[in-house]
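Here is structure-v3.txt, consisting of compact mmCIF, C-alpha atoms:
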```txt
# COMPACT_ATOMS: atom_id res chain seq x y z
CA MET A 3 0.00 0.00 0.00
CA ASP A 4 1.26 3.47 -0.88
CA ARG A 5 2.00 5.95 1.88
CA THR A 6 0.09 9.23 1.93
CA ILE A 7 2.45 12.19 2.26
CA LEU A 8 1.42 15.82 2.53
CA HIS A 9 3.73 18.73 1.86
CA CYS A 10 2.38 21.87 3.53
CA ASP A 11 3.93 25.12 2.31
CA CYS A 12 2.99 28.46 3.86
CA ASN A 13 2.16 31.02 1.17
CA SER A 14 4.35 34.14 1.15
CA PHE A 15 5.23 33.24 4.72
CA PHE A 16 7.36 36.20 5.85
CA ALA A 17 5.10 38.74 4.14
CA SER A 18 1.99 37.02 5.51
CA VAL A 19 3.32 37.10 9.06
CA GLU A 20 4.24 40.77 8.65
CA THR A 21 0.66 41.45 7.52
CA LEU A 22 -0.69 39.74 10.63
CA LEU A 23 1.60 41.96 12.72
CA ASP A 24 0.58 45.10 10.79
CA PRO A 25 -2.76 44.65 8.96
CA SER A 26 -2.26 47.91 7.03
CA LEU A 27 0.27 46.02 4.89
CA ALA A 28 -2.60 44.08 3.30
CA ASP A 29 -3.69 47.21 1.43
CA GLY A 30 -0.94 47.14 -1.15
CA PRO A 31 2.22 45.52 -2.47
CA THR A 32 4.61 44.65 0.36
CA ALA A 33 8.02 43.02 0.55
CA VAL A 34 10.19 41.89 3.42
CA CYS A 35 13.81 42.86 2.91
CA GLY A 36 17.03 43.87 4.55
CA ASP A 37 17.93 47.54 4.93
CA PRO A 38 16.07 49.50 2.22
CA GLU A 39 18.85 52.10 2.20
CA SER A 40 21.49 49.48 1.41
CA ARG A 41 22.47 49.06 -2.21
CA HIS A 42 22.97 45.38 -1.49
CA GLY A 43 19.60 44.69 0.15
CA ILE A 44 17.43 42.01 -1.44
CA ILE A 45 13.80 40.96 -1.36
CA LEU A 46 13.33 38.07 1.09
CA ALA A 47 9.59 37.62 0.56
CA LYS A 48 6.66 39.43 -1.00
CA ASN A 49 2.88 39.35 -0.90
CA GLU A 50 0.58 38.46 -3.80
CA LYS A 51 0.05 42.12 -4.70
CA ALA A 52 3.81 42.60 -5.11
CA LYS A 53 4.03 39.39 -7.16
CA ALA A 54 1.48 40.89 -9.56
CA PHE A 55 4.05 43.60 -10.36
CA GLY A 56 6.71 40.98 -11.06
CA VAL A 57 8.61 41.48 -7.80
CA GLN A 58 10.75 38.40 -7.19
CA THR A 59 12.44 36.92 -4.18
CA ALA A 60 16.22 37.52 -4.11
CA GLU A 61 16.15 40.48 -6.48
CA THR A 62 17.67 43.74 -5.29
CA ILE A 63 15.49 46.30 -3.61
CA TRP A 64 16.13 48.86 -6.33
CA GLN A 65 15.02 46.41 -9.03
CA ALA A 66 11.83 45.66 -7.12
CA LYS A 67 11.11 49.40 -6.59
CA ARG A 68 11.63 50.01 -10.29
CA LYS A 69 8.91 47.43 -11.06
CA CYS A 70 6.65 48.59 -8.25
CA PRO A 71 7.30 52.17 -7.07
CA ASP A 72 4.63 51.93 -4.34
CA LEU A 73 6.15 48.77 -2.85
CA ARG A 74 6.14 48.94 0.96
CA LEU A 75 9.35 47.57 2.44
CA VAL A 76 9.48 46.07 5.90
CA ALA A 77 12.38 44.66 7.89
CA PRO A 78 12.16 41.00 8.90
CA HIS A 79 10.97 39.93 12.35
CA ARG A 80 12.63 36.52 12.58
CA SER A 81 11.44 35.73 16.10
CA GLU A 82 7.84 36.16 14.92
CA TYR A 83 8.46 33.81 11.99
CA VAL A 84 9.70 31.17 14.42
CA LYS A 85 6.56 31.61 16.57
CA PHE A 86 4.26 31.21 13.58
CA SER A 87 6.24 28.27 12.28
CA ARG A 88 5.70 26.55 15.64
CA LYS A 89 1.97 27.30 15.46
CA CYS A 90 1.80 25.68 12.03
CA ASN A 91 3.60 22.56 13.18
CA GLU A 92 1.44 22.34 16.30
CA LEU A 93 -1.61 22.24 14.04
CA TYR A 94 -0.03 19.54 11.86
CA LEU A 95 0.74 17.46 14.95
CA GLN A 96 -2.99 17.25 15.64
CA TYR A 97 -3.25 15.01 12.56
CA THR A 98 -0.06 12.94 12.76
CA ASP A 99 3.04 12.65 14.89
CA LEU A 100 5.05 12.13 11.70
CA VAL A 101 5.74 15.80 10.97
CA ASP A 102 9.08 16.67 9.39
CA PRO A 103 9.72 20.45 9.22
CA PHE A 104 11.52 21.33 6.00
CA GLY A 105 12.60 24.89 6.56
CA ILE A 106 10.74 27.50 8.57
CA ASP A 107 7.64 27.63 6.36
CA GLU A 108 7.07 24.09 5.12
CA SER A 109 6.67 20.59 6.50
CA PHE A 110 6.15 17.05 5.30
CA LEU A 111 3.42 15.02 7.03
CA ASP A 112 2.98 11.27 6.73
CA VAL A 113 -0.76 10.81 7.31
CA THR A 114 -0.92 7.16 6.22
CA GLY A 115 -1.78 6.01 9.75
CA SER A 116 -4.18 8.91 10.37
CA MET A 117 -6.59 8.49 7.48
CA HIS A 118 -8.84 6.07 9.39
CA LEU A 119 -9.39 8.92 11.89
CA PHE A 120 -9.48 11.99 9.66
CA GLY A 121 -10.33 10.86 6.11
CA SER A 122 -8.36 10.83 2.89
CA GLY A 123 -5.12 12.72 2.37
CA GLU A 124 -6.99 15.27 0.27
CA HIS A 125 -9.60 15.72 3.00
CA ILE A 126 -6.90 16.22 5.64
CA ALA A 127 -5.15 18.73 3.35
CA ASP A 128 -8.33 20.73 2.85
CA GLU A 129 -9.07 20.64 6.58
CA LEU A 130 -5.54 21.85 7.38
CA ARG A 131 -5.90 24.69 4.88
CA ARG A 132 -9.22 25.77 6.42
CA ARG A 133 -7.98 25.56 10.00
CA MET A 134 -4.71 27.35 9.15
CA ARG A 135 -6.69 30.29 7.72
CA GLU A 136 -9.16 30.41 10.62
CA GLU A 137 -6.91 29.63 13.59
CA VAL A 138 -3.46 30.88 12.62
CA GLY A 139 -4.30 33.51 9.98
CA LEU A 140 -2.03 32.10 7.28
CA THR A 141 -2.71 30.26 4.05
CA ILE A 142 -0.95 27.09 2.97
CA SER A 143 -0.73 25.16 -0.26
CA VAL A 144 -0.71 21.41 0.18
CA GLY A 145 0.54 18.65 -2.08
CA VAL A 146 -0.75 15.14 -1.47
CA SER A 147 1.05 12.16 -2.94
CA PHE A 148 2.62 8.76 -2.37
CA ASN A 149 6.10 10.21 -1.84
CA ARG A 150 7.80 13.41 -0.72
CA ALA A 151 8.96 14.49 -4.18
CA PHE A 152 5.48 14.51 -5.70
CA ALA A 153 3.92 15.97 -2.54
CA LYS A 154 6.41 18.86 -2.81
CA LEU A 155 5.63 19.27 -6.50
CA GLY A 156 1.93 19.30 -5.66
CA SER A 157 2.26 22.09 -3.10
CA ASP A 158 3.87 24.27 -5.76
CA TYR A 159 1.14 23.54 -8.30
CA LYS A 160 -1.79 25.56 -6.89
CA LYS A 161 -0.73 28.71 -5.08
CA PRO A 162 -1.90 30.37 -3.02
CA ASP A 163 -4.15 28.28 -0.78
CA GLY A 164 -4.66 25.18 -2.91
CA THR A 165 -4.58 21.41 -2.63
CA THR A 166 -3.12 19.25 -5.39
CA VAL A 167 -3.21 15.46 -5.40
CA PHE A 168 -0.66 13.50 -7.42
CA SER A 169 -1.57 9.82 -7.43
CA ARG A 170 0.91 7.24 -8.63
CA GLU A 171 -1.03 7.01 -11.93
CA ILE A 172 -1.06 10.76 -12.51
CA SER A 173 2.62 11.12 -11.60
CA SER A 174 3.60 8.31 -14.00
CA SER A 175 1.77 9.92 -16.90
CA ALA A 176 3.06 13.38 -16.00
CA CYS A 177 6.66 12.23 -16.09
CA GLY A 178 6.45 9.57 -18.73
CA PRO A 179 9.73 7.93 -19.55
CA CYS A 180 12.36 10.43 -18.50
CA PRO A 181 15.67 10.33 -20.36
CA ARG A 182 18.70 10.17 -18.11
CA THR A 183 19.65 13.67 -19.21
CA ARG A 184 16.70 15.30 -17.51
CA SER A 185 14.89 15.00 -14.22
CA CYS A 186 11.33 13.72 -13.87
CA MET A 187 10.65 16.86 -11.87
CA SER A 188 11.22 18.87 -15.04
CA ALA A 189 9.81 16.38 -17.53
CA ASN A 190 8.52 19.10 -19.85
CA ALA A 191 11.93 20.74 -20.11
CA PRO A 192 13.93 19.95 -23.22
CA ALA A 193 16.56 17.26 -22.79
CA THR A 194 20.14 18.49 -22.78
CA GLY A 195 23.46 16.81 -23.16
```

Take the structure in the file and give it back as structure tokens.
Amino acid sequence: MDRTILHCDCNSFFASVETLLDPSLADGPTAVCGDPESRHGIILAKNEKAKAFGVQTAETIWQAKRKCPDLRLVAPHRSEYVKFSRKCNELYLQYTDLVDPFGIDESFLDVTGSMHLFGSGEHIADELRRRMREEVGLTISVGVSFNRAFAKLGSDYKKPDGTTVFSREISSSACGPCPRTRSCMSANAPATG
């Protein structure tokens, strides 16, 4: 029997936490960054409104401001991110004790042994998304699959606040036979080499 793995990824985590700390940030494009006066400062995270202007993580502040002159810049509050990360994982632990944090804003959950209590992997994912919005104030995207790789791929598929299920059958047809010169995770990319 296949395992059921969820990959839960907080959407725009740093920017979302900053918006919870200062709700006025929800009114427009916002980015979390280092010192805005520094020529070497970069964008660490951005909200959906900033993404709409093409602002990208890791680009310089001046590049982001050129794309989005009204971009609000906020300094990171790392201790708050840790607190919210703990809240997320506490919620996940209510569904399984097999929670594997993968960075501050994402975790893998093996819910194989929990489905008889809480329903299918997709149902658990949807329930986690709802509870995360209502109880923590954040949104998550969740991938559900038979292994970690496809669960991770699934969480990237529908953002923000979506659930994607990749069954073994769907994943096999999505990848097809992958030549050794390319990864199954980028099956649509042209082969090189």

(Q) For a quick check of understanding, using only C-alpha atoms, which of A:Leu73, A:Val101, A:Ala52, A:Leu8 has the smallest distance to Ala127 in chain A? (A) A:Leu8

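Distance annotation: of A:Phe16, A:Tyr94, A:Phe55, A:Phe148, the residue with the minimal separation from Lys67 in chain A is A:Phe55; atom set is all atoms listed in the file.
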
Q) Near Ile44 in chain A, counting all atoms listed in the file, which residues have an atom at most 6 Å away, once you skip same-chain residues fewer than 3 positions from it, shown as an MDAnalysis selection string? A) chainID A and resid 35 60:63

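Between Ser81 in chain A and the residues A:Asp11, A:Glu20, A:Asp128, A:Asp102, the shortest atom-to-atom distance, using all atoms listed in the file, involves A:Glu20.
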
Q: Tell me which of A:Val113, A:Leu95, A:Val19, A:Leu119 sits closest to Ile7 in chain A, counting all atoms listed in the file.
A: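 So, comparing all the options, the nearest one is A:Val113.
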
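Near Gly164 in chain A, within 12 Å and counting all atoms listed in the file, sit His9, Cys10, Asp11, Cys12, Asn13, Glu124, Ala127, Asp128, Glu129, Leu130, Arg131, Arg132, Arg135, Thr141, Ile142, Ser143, Val144, Gly145, Val146, Gly156, Ser157, Asp158, Tyr159, Lys160, Lys161, Pro162, Thr166 and Val167 of chain A, not including residues fewer than 2 positions from it in the same chain.
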
May I have the selected residues written with C-alpha atoms, as a PDB file, keeping the file's coordinate frame?
```pdb
ATOM      1  CA  HIS A   9       3.730  18.730   1.860  1.00  0.00           C
ATOM      2  CA  CYS A  10       2.380  21.870   3.530  1.00  0.00           C
ATOM      3  CA  ASP A  11       3.930  25.120   2.310  1.00  0.00           C
ATOM      4  CA  CYS A  12       2.990  28.460   3.860  1.00  0.00           C
ATOM      5  CA  ASN A  13       2.160  31.020   1.170  1.00  0.00           C
ATOM      6  CA  GLU A 124      -6.990  15.270   0.270  1.00  0.00           C
ATOM      7  CA  ALA A 127      -5.150  18.730   3.350  1.00  0.00           C
ATOM      8  CA  ASP A 128      -8.330  20.730   2.850  1.00  0.00           C
ATOM      9  CA  GLU A 129      -9.070  20.640   6.580  1.00  0.00           C
ATOM     10  CA  LEU A 130      -5.540  21.850   7.380  1.00  0.00           C
ATOM     11  CA  ARG A 131      -5.900  24.690   4.880  1.00  0.00           C
ATOM     12  CA  ARG A 132      -9.220  25.770   6.420  1.00  0.00           C
ATOM     13  CA  ARG A 135      -6.690  30.290   7.720  1.00  0.00           C
ATOM     14  CA  THR A 141      -2.710  30.260   4.050  1.00  0.00           C
ATOM     15  CA  ILE A 142      -0.950  27.090   2.970  1.00  0.00           C
ATOM     16  CA  SER A 143      -0.730  25.160  -0.260  1.00  0.00           C
ATOM     17  CA  VAL A 144      -0.710  21.410   0.180  1.00  0.00           C
ATOM     18  CA  GLY A 145       0.540  18.650  -2.080  1.00  0.00           C
ATOM     19  CA  VAL A 146      -0.750  15.140  -1.470  1.00  0.00           C
ATOM     20  CA  GLY A 156       1.930  19.300  -5.660  1.00  0.00           C
ATOM     21  CA  SER A 157       2.260  22.090  -3.100  1.00  0.00           C
ATOM     22  CA  ASP A 158       3.870  24.270  -5.760  1.00  0.00           C
ATOM     23  CA  TYR A 159       1.140  23.540  -8.300  1.00  0.00           C
ATOM     24  CA  LYS A 160      -1.790  25.560  -6.890  1.00  0.00           C
ATOM     25  CA  LYS A 161      -0.730  28.710  -5.080  1.00  0.00           C
ATOM     26  CA  PRO A 162      -1.900  30.370  -3.020  1.00  0.00           C
ATOM     27  CA  THR A 166      -3.120  19.250  -5.390  1.00  0.00           C
ATOM     28  CA  VAL A 167      -3.210  15.460  -5.400  1.00  0.00           C
TER      29      VAL A 167
END
```

Q.
At a cut-off of 8 Å, using all atoms listed in the file, what residues contact Phe86 in chain A? Leave out same-chain residues fewer than 4 positions from it and give the result as a ChimeraX atom specification.
A. /A:19,82,90,138

Q: Go through A:Ile106, A:Ala33, A:Met134, A:Met3 and flag the residue nearest Tyr83 in chain A, using all atoms listed in the file for the distances.
A: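 When distances to Tyr83 in chain A are compared using all atoms listed in the file, the smallest one comes from A:Ile106.
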